[in-house]
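I have placed the structure first, in the form of structure tokens, so that the comments after it can refer back to it.
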Amino acid sequence: MKILGIDGSGLVASVAIVEDDNLIGEYTTGYKKTHSQTLLPMLDELKKMVELDLNSIDAIAVAAGPGSFTGLRIASATAKGLGLSLGCPIVSVPTVDALAYNLWGQETIICPIMDARRGQVYTGLYSFESNGDFKVVQPQCAVDFNEIAEAINTNGQPVTFLGDGVPVFKDKISEIVKVPYKFAPAHLNRQHASSVAALGAIYYANGDCEPAADHRPEYLRLSQAERERMEQMKKEGKA
């Protein structure tokens, strides 16, 4: 089984090819360029480096959200366009789940935190069973950081944090998290398309995929522009 993974949900842009239990190749960058400038050139370079025949791909796994609205749209459009042209299905992988999957085998609770602005985070709680099975303790959500901290304290187990929200909320973590905690190292603390592809392979094997034409990103909340428009409509008595 050969899976193409794509992640443009955050500052990181990443593409990867996973075949069965092997990572054939991955191209990941966190440099400040728009994903419209990076994803397709990265995929083309990866294709050349590993001599990939795109027609040999069984499915395309994409980090489907939440995350950057623009990044999600670009990544999803890229995945959808490829899926339509190649005639292969899309596996929509929850962004926060894939981020947690970076820490496969971790014995603590895993808490990815992506900065969603205005004091909120895209987050969830995860763990791995003794047999390696991935367990969703609390599904991905968009909440105030204090809310996920409360859930962590209530759970009572040690936790490992990762994601671009760590530097933003590091001080708050030290103030309000009462359980032992640590932070993932640099090579594991951001999105990786290899994790999207590896988790996507599991979903695909279970039949959890969709035709490319049906794929849509999962934003979890309205964009800032949409929120501002709603607020304005309320002020004008139109909502």
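Chain labels follow the order of the structure tokens: the first chain is A, the next B, and so on; residue numbering restarts at 1 in every chain, and ligands are counted from 1 in their shown order.
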
Could I get the residues of segment 59-126 of chain A with an atom no further than 9 Å from an atom of segment 167-189 of chain A, each paired with its nearest atom pair and that distance in Å to one decimal, using only C-alpha atoms, sorted by chain and residue number, as CSV?
```
residue,atom,partner,partner_atom,distance
A:Leu99,CA,A:Asn189,CA,7.9
A:Asn102,CA,A:Leu188,CA,6.0
A:Leu103,CA,A:Leu188,CA,7.2
A:Thr108,CA,A:Tyr181,CA,8.7
A:Pro112,CA,A:Asn189,CA,8.6
A:Ile113,CA,A:Phe169,CA,8.8
A:Asp115,CA,A:Val168,CA,7.2
A:Gly119,CA,A:Phe169,CA,8.8
```

Q | All helix (DSSP H, G or I) residues (DSSP, backbone) inside segment 84-174 of chain A, as a VMD selection string | A | chain A and resid 84 to 86 95 to 101 145 to 155 166 to 174

Q) With distances taken over only C-alpha atoms, which of A:Asp214, A:Glu150, A:Glu107, A:Asp144 is nearest to Glu129 of chain A? A)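 Using only C-alpha atoms, the shortest distance to Glu129 of chain A belongs to A:Glu107.
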
Q: Can you pull out every residue within 6 Å of segment 197-207 of chain A, counting only C-alpha atoms, but drop anything in the same chain fewer than 4 positions away, and send it as number ranges by chain?
A: A: 3, 5, 61, 91

Q. Restricting the calculation to only C-alpha atoms, which member of A:Leu125, A:Cys88, A:Ile152, A:Ala79 is positioned closest to Pro211 of chain A?
A.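 For Pro211 of chain A, the nearest of the given residues is A:Cys88.
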